[in-house]
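Asks: Input: one structure, supplied below.
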Amino acid sequence: MTDHSTCHDCTYFDTKEEKDGDRGLCRFNPPTFLTEKDKFAHWPIVADNDWCGHFEEQKSA
Ligand code: SF4
């Protein structure tokens, strides 16, 4: 088993617009269009216990 820092503590994790409990937007990359019919691009929605190799620790205010 490996130990990873999770999205919850990542500087790119944004919960301001995602009100669904433990989920948030990952803002590491620009938003992308999921289908040709989309009028707006989307950021990936991730769970706070997800992780990826781009993790960057939040800076304290
Ligand atoms: S997916 Fe990666 S970059 Fe995005 S919030 Fe989670 S750890 Fe950070």
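Each chain in the structure tokens gets a letter, A, B, ..., in the order shown, and its residues are numbered from 1; ligands are numbered from 1 in order too.
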Given a cut-off of 9 Å, what residues near ligand 1 show up using only C-alpha atoms and all ligand atoms, put as a PyMOL selection string?

Replies: chain A and resi 5-14+24-29+44-57

Asks: Just the selected residues (N, CA and C atoms), exported as a JSON list (two decimals), in the first residue's frame, please.

Replies:
```json
[["chain", "number", "residue", "atom", "x", "y", "z"],
["A", 5, "SER", "N", -0.39, 12.10, -0.81],
["A", 5, "SER", "CA", -1.11, 13.31, -0.43],
["A", 5, "SER", "C", -2.33, 13.40, -1.34],
["A", 6, "THR", "N", -3.45, 13.81, -0.80],
["A", 6, "THR", "CA", -4.71, 13.76, -1.55],
["A", 6, "THR", "C", -5.14, 15.15, -2.05],
["A", 7, "CYS", "N", -6.13, 15.12, -2.94],
["A", 7, "CYS", "CA", -6.67, 16.35, -3.51],
["A", 7, "CYS", "C", -7.10, 17.33, -2.41],
["A", 8, "HIS", "N", -7.60, 16.81, -1.32],
["A", 8, "HIS", "CA", -8.08, 17.67, -0.23],
["A", 8, "HIS", "C", -7.03, 18.69, 0.19],
["A", 9, "ASP", "N", -5.76, 18.31, 0.14],
["A", 9, "ASP", "CA", -4.68, 19.20, 0.59],
["A", 9, "ASP", "C", -3.91, 19.83, -0.56],
["A", 10, "CYS", "N", -4.45, 19.72, -1.78],
["A", 10, "CYS", "CA", -3.74, 20.20, -2.98],
["A", 10, "CYS", "C", -4.16, 21.64, -3.30],
["A", 11, "THR", "N", -3.22, 22.44, -3.72],
["A", 11, "THR", "CA", -3.52, 23.84, -4.06],
["A", 11, "THR", "C", -4.46, 23.97, -5.24],
["A", 12, "TYR", "N", -4.58, 22.93, -6.07],
["A", 12, "TYR", "CA", -5.44, 22.99, -7.26],
["A", 12, "TYR", "C", -6.86, 22.49, -6.99],
["A", 13, "PHE", "N", -7.15, 22.06, -5.79],
["A", 13, "PHE", "CA", -8.48, 21.55, -5.42],
["A", 13, "PHE", "C", -9.36, 22.72, -5.04],
["A", 14, "ASP", "N", -10.49, 22.88, -5.73],
["A", 14, "ASP", "CA", -11.36, 24.04, -5.55],
["A", 14, "ASP", "C", -12.78, 23.57, -5.23],
["A", 24, "GLY", "N", -14.68, 18.29, -5.48],
["A", 24, "GLY", "CA", -14.25, 19.63, -5.88],
["A", 24, "GLY", "C", -13.70, 19.59, -7.28],
["A", 25, "LEU", "N", -13.37, 20.77, -7.79],
["A", 25, "LEU", "CA", -12.79, 20.87, -9.13],
["A", 25, "LEU", "C", -11.28, 20.79, -9.03],
["A", 26, "CYS", "N", -10.67, 20.12, -10.00],
["A", 26, "CYS", "CA", -9.21, 20.15, -10.12],
["A", 26, "CYS", "C", -8.86, 21.21, -11.14],
["A", 27, "ARG", "N", -8.12, 22.22, -10.72],
["A", 27, "ARG", "CA", -7.79, 23.34, -11.60],
["A", 27, "ARG", "C", -6.33, 23.29, -12.06],
["A", 28, "PHE", "N", -5.75, 22.12, -12.07],
["A", 28, "PHE", "CA", -4.36, 22.02, -12.52],
["A", 28, "PHE", "C", -4.24, 22.40, -14.00],
["A", 29, "ASN", "N", -5.17, 21.91, -14.82],
["A", 29, "ASN", "CA", -5.17, 22.20, -16.26],
["A", 29, "ASN", "C", -6.34, 23.11, -16.60],
["A", 44, "PRO", "N", -12.18, 18.95, -14.39],
["A", 44, "PRO", "CA", -12.46, 17.63, -13.81],
["A", 44, "PRO", "C", -12.99, 17.77, -12.39],
["A", 45, "ILE", "N", -13.96, 16.93, -12.04],
["A", 45, "ILE", "CA", -14.47, 16.87, -10.68],
["A", 45, "ILE", "C", -13.80, 15.67, -10.00],
["A", 46, "VAL", "N", -13.18, 15.93, -8.88],
["A", 46, "VAL", "CA", -12.45, 14.88, -8.17],
["A", 46, "VAL", "C", -12.93, 14.81, -6.72],
["A", 47, "ALA", "N", -12.74, 13.65, -6.10],
["A", 47, "ALA", "CA", -13.07, 13.48, -4.68],
["A", 47, "ALA", "C", -11.90, 13.96, -3.84],
["A", 48, "ASP", "N", -12.20, 14.39, -2.63],
["A", 48, "ASP", "CA", -11.12, 14.92, -1.80],
["A", 48, "ASP", "C", -10.09, 13.87, -1.42],
["A", 49, "ASN", "N", -10.43, 12.59, -1.55],
["A", 49, "ASN", "CA", -9.45, 11.54, -1.24],
["A", 49, "ASN", "C", -8.79, 10.98, -2.50],
["A", 50, "ASP", "N", -9.05, 11.62, -3.67],
["A", 50, "ASP", "CA", -8.32, 11.25, -4.89],
["A", 50, "ASP", "C", -6.90, 11.78, -4.81],
["A", 51, "TRP", "N", -6.10, 11.42, -5.77],
["A", 51, "TRP", "CA", -4.74, 11.96, -5.83],
["A", 51, "TRP", "C", -4.22, 11.81, -7.25],
["A", 52, "CYS", "N", -3.18, 12.55, -7.58],
["A", 52, "CYS", "CA", -2.49, 12.37, -8.85],
["A", 52, "CYS", "C", -1.06, 12.86, -8.70],
["A", 53, "GLY", "N", -0.28, 12.65, -9.74],
["A", 53, "GLY", "CA", 1.14, 13.00, -9.69],
["A", 53, "GLY", "C", 1.43, 14.48, -9.77],
["A", 54, "HIS", "N", 0.39, 15.32, -9.93],
["A", 54, "HIS", "CA", 0.60, 16.76, -10.01],
["A", 54, "HIS", "C", 0.33, 17.46, -8.68],
["A", 55, "PHE", "N", 0.12, 16.65, -7.63],
["A", 55, "PHE", "CA", -0.19, 17.23, -6.32],
["A", 55, "PHE", "C", 0.81, 18.32, -5.95],
["A", 56, "GLU", "N", 0.25, 19.43, -5.44],
["A", 56, "GLU", "CA", 1.09, 20.50, -4.90],
["A", 56, "GLU", "C", 0.44, 20.97, -3.61],
["A", 57, "GLU", "N", 1.18, 20.96, -2.55],
["A", 57, "GLU", "CA", 0.62, 21.30, -1.24],
["A", 57, "GLU", "C", 0.13, 22.73, -1.19]]
```

Asks: Do you have the CA of Pro31 (chain A)-CA of Lys19 (chain A) distance handy?

Replies: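 One can read the CA of Pro31 (chain A) to CA of Lys19 (chain A) distance as 18.3 Å.
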
Asks: Would you pick out the contacts of His42 (chain A) at 9 Å or less, using only C-alpha atoms, so that residues sharing its chain but fewer than 6 positions from it are not included, and give the list as a short mmCIF file (atom, residue, chain, number, x, y, z; two decimals) with C-alpha atoms, in the first residue's frame?

Replies:
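Result saved to out_29.cif:
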```cif
data_model
loop_
_atom_site.label_atom_id
_atom_site.label_comp_id
_atom_site.auth_asym_id
_atom_site.auth_seq_id
_atom_site.Cartn_x
_atom_site.Cartn_y
_atom_site.Cartn_z
CA PRO A 30 -7.47 24.53 -18.20
CA PRO A 31 -11.04 23.27 -18.63
CA THR A 32 -11.84 21.07 -21.60
CA PHE A 33 -14.92 20.38 -23.71
CA LEU A 34 -16.35 16.92 -23.07
#
```

Asks: Could you work out how far CA of Glu17 (chain A) lies from CA of Lys39 (chain A), giving the answer in Å with one decimal?

Replies: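 Separation between CA of Lys39 (chain A) and CA of Glu17 (chain A): 17.9 Å.
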
Asks: Just asking: which residues within chain A are strand (DSSP E) according to DSSP, as a list in words?

Replies: Phe13, Asp14, Arg23, Gly24, Leu25, Cys26, Ile45, Val46 and Ala47 of chain A
